[in-house]
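Q: Input my_file-v6.cif, format and content: mmCIF, C-alpha atoms and all ligand atoms.
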data_upload
#
loop_
_atom_site.label_atom_id
_atom_site.label_comp_id
_atom_site.auth_asym_id
_atom_site.auth_seq_id
_atom_site.Cartn_x
_atom_site.Cartn_y
_atom_site.Cartn_z
CA MET A 1 0.00 0.00 0.00
CA THR A 2 2.76 2.44 0.96
CA ALA A 3 4.75 1.49 -2.13
CA GLN A 4 1.68 2.19 -4.29
CA LYS A 5 1.07 5.51 -2.52
CA ASP A 6 4.71 6.48 -3.03
CA LYS A 7 4.42 5.71 -6.76
CA GLU A 8 1.36 7.97 -6.96
CA LYS A 9 3.11 10.73 -5.02
CA GLN A 10 6.18 10.47 -7.22
CA ALA A 11 4.16 10.53 -10.44
CA ALA A 12 2.32 13.67 -9.26
CA ALA A 13 5.64 15.22 -8.20
CA LYS A 14 7.13 14.68 -11.67
CA VAL A 15 4.17 16.44 -13.31
CA ALA A 16 4.45 19.33 -10.85
CA ALA A 17 8.21 19.64 -11.38
CA GLY A 18 7.47 19.97 -15.10
CA MET A 19 5.47 23.13 -14.34
CA ILE A 20 8.50 24.89 -12.84
CA LYS A 21 10.68 27.12 -15.02
CA ASP A 22 14.31 28.14 -14.56
CA GLY A 23 14.63 31.47 -12.79
CA GLN A 24 11.44 31.14 -10.76
CA VAL A 25 11.00 31.63 -7.03
CA VAL A 26 9.44 28.37 -5.87
CA GLY A 27 7.65 27.68 -2.57
CA LEU A 28 8.81 24.32 -1.26
CA GLY A 29 6.20 22.42 0.75
CA THR A 30 6.68 20.09 3.69
CA GLY A 31 5.98 16.38 4.06
CA SER A 32 6.70 13.11 2.32
CA THR A 33 4.89 14.14 -0.90
CA ALA A 34 6.57 17.53 -1.12
CA GLU A 35 9.89 15.77 -0.58
CA PHE A 36 9.43 13.95 -3.90
CA VAL A 37 9.14 17.23 -5.79
CA ILE A 38 12.12 18.78 -3.99
CA ARG A 39 14.24 15.79 -4.98
CA GLU A 40 12.88 16.02 -8.55
CA ILE A 41 13.84 19.72 -8.76
CA ALA A 42 17.41 18.81 -7.77
CA LEU A 43 17.49 15.81 -10.12
CA ARG A 44 16.43 17.96 -13.09
CA GLY A 45 18.98 20.65 -12.19
CA LEU A 46 16.27 23.32 -12.27
CA ARG A 47 17.80 26.71 -11.52
CA ILE A 48 15.31 28.06 -9.03
CA THR A 49 15.33 29.93 -5.76
CA GLY A 50 13.40 28.04 -3.12
CA VAL A 51 11.31 29.46 -0.29
CA PRO A 52 11.03 26.64 2.26
CA THR A 53 7.90 26.15 4.38
CA SER A 54 9.75 24.54 7.29
CA VAL A 55 13.15 24.04 8.83
CA ARG A 56 12.90 20.39 7.77
CA THR A 57 12.37 21.35 4.12
CA ALA A 58 15.13 23.97 4.27
CA ARG A 59 17.58 21.33 5.51
CA LEU A 60 16.63 18.93 2.71
CA ALA A 61 16.95 21.65 0.05
CA VAL A 62 20.37 22.70 1.33
CA THR A 63 21.51 19.06 1.29
CA LEU A 64 20.39 18.82 -2.34
CA GLY A 65 22.12 22.08 -3.32
CA ILE A 66 18.93 24.08 -3.99
CA PRO A 67 19.51 27.80 -3.30
CA LEU A 68 17.08 29.32 -0.81
CA ALA A 69 15.77 32.80 -0.08
CA ASP A 70 14.28 34.22 3.08
CA ILE A 71 10.57 34.76 2.43
CA ASN A 72 10.86 38.38 3.56
CA SER A 73 13.45 39.09 0.87
CA VAL A 74 11.20 38.13 -2.07
CA GLU A 75 8.43 40.24 -3.56
CA ALA A 76 6.44 37.27 -4.87
CA ILE A 77 6.58 33.51 -5.10
CA ASP A 78 5.93 32.30 -8.65
CA ILE A 79 4.74 28.79 -7.87
CA THR A 80 4.48 26.59 -4.78
CA ILE A 81 4.30 22.82 -4.68
CA ASP A 82 2.98 21.31 -1.45
CA GLY A 83 1.11 18.29 -0.15
CA ALA A 84 -2.13 17.89 1.83
CA ASP A 85 -3.66 15.45 4.27
CA GLU A 86 -7.10 15.65 2.64
CA PHE A 87 -8.64 17.56 -0.27
CA THR A 88 -12.12 17.78 -1.76
CA PRO A 89 -13.00 18.16 -5.46
CA GLU A 90 -13.84 21.84 -4.66
CA LEU A 91 -10.19 22.19 -3.58
CA TYR A 92 -10.78 22.71 0.11
CA LEU A 93 -7.67 21.38 1.83
CA LEU A 94 -6.94 19.99 5.25
CA LYS A 95 -3.23 20.32 5.97
CA GLY A 96 -0.82 20.21 8.85
CA GLY A 97 -0.11 16.56 9.59
CA GLY A 98 3.55 17.54 9.44
CA GLY A 99 2.96 20.58 11.65
CA ALA A 100 4.20 23.15 9.12
CA PHE A 101 0.81 24.61 8.17
CA LEU A 102 1.38 28.15 9.50
CA ARG A 103 4.37 28.75 7.24
CA GLU A 104 2.72 26.71 4.46
CA LYS A 105 -0.32 28.98 4.62
CA ILE A 106 1.76 32.17 4.53
CA VAL A 107 3.65 30.83 1.51
CA ALA A 108 0.34 29.82 -0.12
CA GLU A 109 -1.07 33.32 0.48
CA ARG A 110 1.98 34.86 -1.19
CA THR A 111 2.29 32.52 -4.17
CA LEU A 112 0.93 33.19 -7.62
CA ARG A 113 0.13 29.49 -8.19
CA GLU A 114 -0.46 26.98 -5.42
CA ILE A 115 -0.11 23.42 -6.70
CA ILE A 116 -0.96 20.52 -4.40
CA ILE A 117 0.33 17.05 -5.16
CA ALA A 118 -1.26 13.99 -3.63
CA ASP A 119 -1.76 10.26 -3.79
CA SER A 120 -5.31 9.04 -4.34
CA SER A 121 -5.97 8.33 -0.64
CA LYS A 122 -6.09 12.10 0.01
CA LEU A 123 -9.24 12.73 -2.04
CA VAL A 124 -12.37 12.88 0.16
CA ALA A 125 -15.97 14.01 -0.34
CA GLN A 126 -15.85 15.91 2.97
CA LEU A 127 -12.89 16.97 5.11
CA GLY A 128 -12.56 15.84 8.69
CA ALA A 129 -11.70 12.14 8.94
CA PHE A 130 -8.19 13.47 9.63
CA ARG A 131 -8.06 15.58 12.82
CA LEU A 132 -7.72 19.29 12.07
CA PRO A 133 -4.36 20.69 13.23
CA ILE A 134 -4.58 23.96 15.15
CA GLU A 135 -1.44 25.95 16.06
CA VAL A 136 -1.71 27.84 19.36
CA ILE A 137 0.63 30.05 21.31
CA PRO A 138 1.47 28.17 24.54
CA PHE A 139 -0.14 30.85 26.78
CA ALA A 140 -3.49 30.38 25.03
CA GLN A 141 -3.58 26.58 24.85
CA ARG A 142 -6.38 25.94 27.37
CA TYR A 143 -8.40 28.96 26.24
CA VAL A 144 -8.25 27.83 22.61
CA GLU A 145 -9.17 24.26 23.61
CA GLN A 146 -12.24 25.62 25.41
CA GLN A 147 -13.28 27.63 22.36
CA LEU A 148 -12.83 24.60 20.12
CA GLU A 149 -14.89 22.47 22.53
CA LYS A 150 -17.68 25.08 22.29
CA LEU A 151 -17.56 24.56 18.52
CA GLY A 152 -18.05 20.82 19.09
CA ALA A 153 -14.47 19.55 18.76
CA SER A 154 -12.49 17.25 20.99
CA CYS A 155 -8.78 18.08 21.07
CA LEU A 156 -5.54 16.20 21.53
CA LEU A 157 -2.33 18.05 22.26
CA ARG A 158 0.43 16.88 19.91
CA GLU A 159 2.70 15.72 22.73
CA GLY A 160 6.37 16.70 22.54
CA PHE A 161 5.88 18.67 19.33
CA VAL A 162 6.86 22.33 18.95
CA THR A 163 6.35 24.15 15.66
CA ASP A 164 9.07 26.07 13.85
CA GLU A 165 7.54 29.21 15.41
CA GLY A 166 7.78 27.77 18.94
CA ASN A 167 4.06 27.05 19.27
CA ARG A 168 1.98 23.96 20.16
CA VAL A 169 -0.40 21.96 17.99
CA LEU A 170 -3.86 20.74 18.99
CA ASP A 171 -5.34 18.06 16.74
CA ALA A 172 -9.07 18.75 16.76
CA ASP A 173 -11.77 16.27 15.86
CA PHE A 174 -14.82 18.09 14.46
CA GLY A 175 -16.22 14.99 12.75
CA LEU A 176 -16.93 15.51 9.08
CA ILE A 177 -16.80 19.22 8.29
CA GLY A 178 -19.93 20.21 6.36
CA ASP A 179 -18.91 23.81 5.68
CA PRO A 180 -15.11 24.25 5.81
CA ALA A 181 -15.26 27.92 4.78
CA ALA A 182 -17.63 28.78 7.65
CA LEU A 183 -15.55 26.82 10.17
CA ALA A 184 -12.37 28.55 8.95
CA LEU A 185 -13.96 31.95 9.62
CA GLU A 186 -14.95 30.91 13.16
CA LEU A 187 -11.44 29.63 13.87
CA ASN A 188 -9.86 32.81 12.48
CA ASN A 189 -11.64 34.74 15.24
CA ILE A 190 -10.16 32.86 18.22
CA THR A 191 -7.49 34.87 20.04
CA GLY A 192 -4.28 32.91 20.53
CA LEU A 193 -5.08 30.52 17.69
CA VAL A 194 -2.28 31.27 15.26
CA ALA A 195 -3.30 29.05 12.36
CA HIS A 196 -5.51 26.13 11.44
CA GLY A 197 -5.11 23.52 8.75
CA LEU A 198 -8.12 24.50 6.63
CA PHE A 199 -6.93 26.03 3.34
CA ILE A 200 -9.86 27.75 1.67
CA ASN A 201 -9.52 29.18 -1.85
CA LEU A 202 -5.75 28.84 -1.71
CA ALA A 203 -5.05 25.85 -3.95
CA ASP A 204 -5.23 26.50 -7.69
CA THR A 205 -4.65 22.93 -8.81
CA VAL A 206 -4.39 19.50 -7.25
CA ILE A 207 -2.39 16.92 -9.17
CA MET A 208 -3.26 13.46 -7.93
CA GLY A 209 -1.59 10.18 -8.80
CA LYS A 210 -4.12 7.36 -9.12
CA GLY A 211 -2.66 4.01 -10.13
CA ALA A 212 -0.88 4.69 -13.41
CA GLU A 213 -2.96 7.82 -14.10
CA ILE A 214 -2.69 11.47 -13.23
CA VAL A 215 -5.91 13.28 -12.32
CA ARG A 216 -6.06 17.09 -12.14
CA PHE A 217 -8.52 19.20 -10.18
CA ASN A 218 -8.65 22.92 -10.88
CA ARG A 219 -10.27 25.57 -8.73
CA HIS A 220 -13.19 27.14 -10.46
CA GLY A 221 -12.06 30.44 -11.96
CA SER A 222 -8.34 29.89 -11.43
O1 LIG A 301 0.48 19.84 5.57
C1 LIG A 301 1.49 19.20 5.59
C2 LIG A 301 2.60 19.47 6.54
O2 LIG A 301 2.25 20.51 7.44
C3 LIG A 301 1.69 18.09 4.61
O3 LIG A 301 1.52 18.59 3.34
C4 LIG A 301 0.67 17.04 4.87
O4 LIG A 301 0.79 16.62 6.23
C5 LIG A 301 0.85 15.84 3.95
O5 LIG A 301 1.99 15.13 4.31
P1 LIG A 301 2.46 13.87 3.47
O6 LIG A 301 2.83 14.37 2.11
O7 LIG A 301 3.64 13.32 4.24
O8 LIG A 301 1.30 12.91 3.43
#
Would you give me this structure, written as structure tokens?
Ligand SMILES: O=C(CO)[C@H](O)[C@H](O)COP(=O)(O)O
A:
Amino acid sequence: MTAQKDKEKQAAAKVAAGMIKDGQVVGLGTGSTAEFVIREIALRGLRITGVPTSVRTARLAVTLGIPLADINSVEAIDITIDGADEFTPELYLLKGGGGAFLREKIVAERTLREIIIADSSKLVAQLGAFRLPIEVIPFAQRYVEQQLEKLGASCLLREGFVTDEGNRVLDADFGLIGDPAALALELNNITGLVAHGLFINLADTVIMGKGAEIVRFNRHGS
């Protein structure tokens, strides 16, 4: 199963790498799927400047000889390739299994094209089988938990995990999420909640490996 998933991830990564042009500023995602595209960029000798979404990704890129830029030194990011834990055909994403979703979301907000690559297990009709990651500043942990409980979630603290920004992650179970856009707005209003893993209207395209095929999903109007 894992071998099949890896083949699908790799096939999607190859297609995504083919969308990158020399000279571009490229957002580099985090996770096992994103790793395939980072390796593919190095393998093809693409002359890009990478903007990493995590310390983990930065380390991998440096090891592979990919030049990096600080996000605050670039005016725009041409294209970003990242993974997701779940996505719907409408291109709502649930991200953050790897805990890098705050930086991933900032990079996604700043990129001209957000491309998500995935194996076929990530496609769902409704988000929420995967717990929703929520990044909180340590001081607000209990307060945010209480607010999430009021919204119907049960939370698990990701034990022993600290984000690249020094924060904690709560993995929240909301059950299946009927209206991700509405939930995202509610979460955005909680003080001390730094980021959540719902990506609404951020992905332009999902490239999914499915067996020997590649299936593309495009956001309406993008
Ligand atoms: O959001 C993420 C990290 O914060 C990853 O994209 C997501 O967890 C998917 O990971 P993988 O490609 O290993 O399945």
Q: Give me, as a PyMOL selection string, all polymer residues having an atom no more than 8 Å from Ile48 in chain A, counting all atoms listed in the file and skipping those fewer than 2 positions away in the same chain.
A: chain A and resi 21-26+46+50+66-67
Q: Output the neighbourhood of ligand LIG 301 (chain A) as a list in words, that is, all protein and nucleic acid residues with some atom at most 7 Å from the ligand, counting all atoms listed in the file.
A: Gly29, Thr30, Gly31, Ser32, Thr33, Ala34, Asp82, Gly83, Ala84, Asp85, Lys95, Gly96, Gly97, Gly98, Gly99, Ala100, Phe101 and Glu104 of chain A
Q: Extract, using all atoms listed in the file, all DNA, RNA and protein residues at most 12 Å from Leu68 in chain A, discarding same-chain residues fewer than 4 positions from it, and format them as JSON, numbers by chain.
A: {"A": [24, 25, 26, 27, 28, 47, 48, 49, 50, 51, 52, 53, 54, 55, 57, 58, 59, 60, 61, 62, 63, 64, 72, 73, 74]}
Q: Figure out the distance between CA of Lys105 in chain A and CA of Asp70 in chain A, please, to one decimal in Å.
A: 15.6 Å
Q: Can you measure CA of Phe161 in chain A to CA of Leu94 in chain A for me? One decimal in Å is fine.
A: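 Rounded to one decimal, the two atoms are 19.1 Å apart.
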Q: I'd like the neighbourhood of Met19 in chain A as a list of chain:residue names, where a residue qualifies if any of its atoms comes within 12 Å (using all atoms listed in the file), though same-chain residues fewer than 6 positions away should be ignored.
A: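 So the residues in contact are A:Ala12, A:Ala13, A:Val26, A:Val37, A:Glu40, A:Ile41, A:Leu46, A:Asp78, A:Ile79, A:Thr80, A:Ile81, A:Arg113, A:Glu114, A:Ile115, A:Thr205, A:Ile207.
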Q: Taking only C-alpha atoms into account, name the residue in A:Asn189, A:Phe199, A:Arg110, A:Ala182 that is nearest to Leu132 in chain A.
A: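 Nearest candidate to Leu132 in chain A out of A:Asn189, A:Phe199, A:Arg110, A:Ala182: A:Phe199.
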Q: What does the distance between CA of Ala125 in chain A and CA of Ile38 in chain A come to in Å, to one decimal place?
A: 28.7 Å
Q: Using all atoms listed in the file, which of A:Met208, A:Ile20, A:Leu187, A:Ala42 sits nearest Thr88 in chain A?
A: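 Smallest distance to Thr88 in chain A is found for A:Met208.
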Q: Need the shell around range 147-152 of chain A: protein/DNA/RNA residues with any atom at most 10 Å away, counting all atoms listed in the file. Skip same-chain ones fewer than 3 positions apart. Format as a PyMOL selection string?
A: chain A and resi 134+142-144+155+170+172-175+183+186-187+190-191+193
Q: With all atoms listed in the file as the atoms that count, which of A:Arg216, A:His196, A:Arg103, A:Arg56 lies nearest to Ala184 in chain A?
A: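 For Ala184 in chain A, the nearest of the candidates is A:His196.
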Q: With a distance cut-off of 9 Å and all atoms listed in the file, select the neighbouring residues of Thr163 in chain A, excluding the residue or stretch itself and same-chain residues fewer than 2 positions from it, and output the selection as a list in words.
A: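 The contact residues come out as Gly99, Ala100, Leu102, Glu135, Phe161, Glu165, Gly166, Asn167, Arg168 and Val169 of chain A.
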Q: Just checking: using all atoms listed in the file, which residue out of A:Asn201, A:Asn188, A:Gln126, A:Ser120 ends up closest to Ala108 in chain A?
A: A:Asn201
Q: Put the listed atoms of range 84-92 of chain A in a box along x, y and z with 5 Å added on every side and give me the centre and edge lengths in Å to one decimal, as AutoDock Vina command-line options.
A:
--center_x -8.0 --center_y 19.1 --center_z -0.6 --size_x 21.7 --size_y 17.3 --size_z 19.7
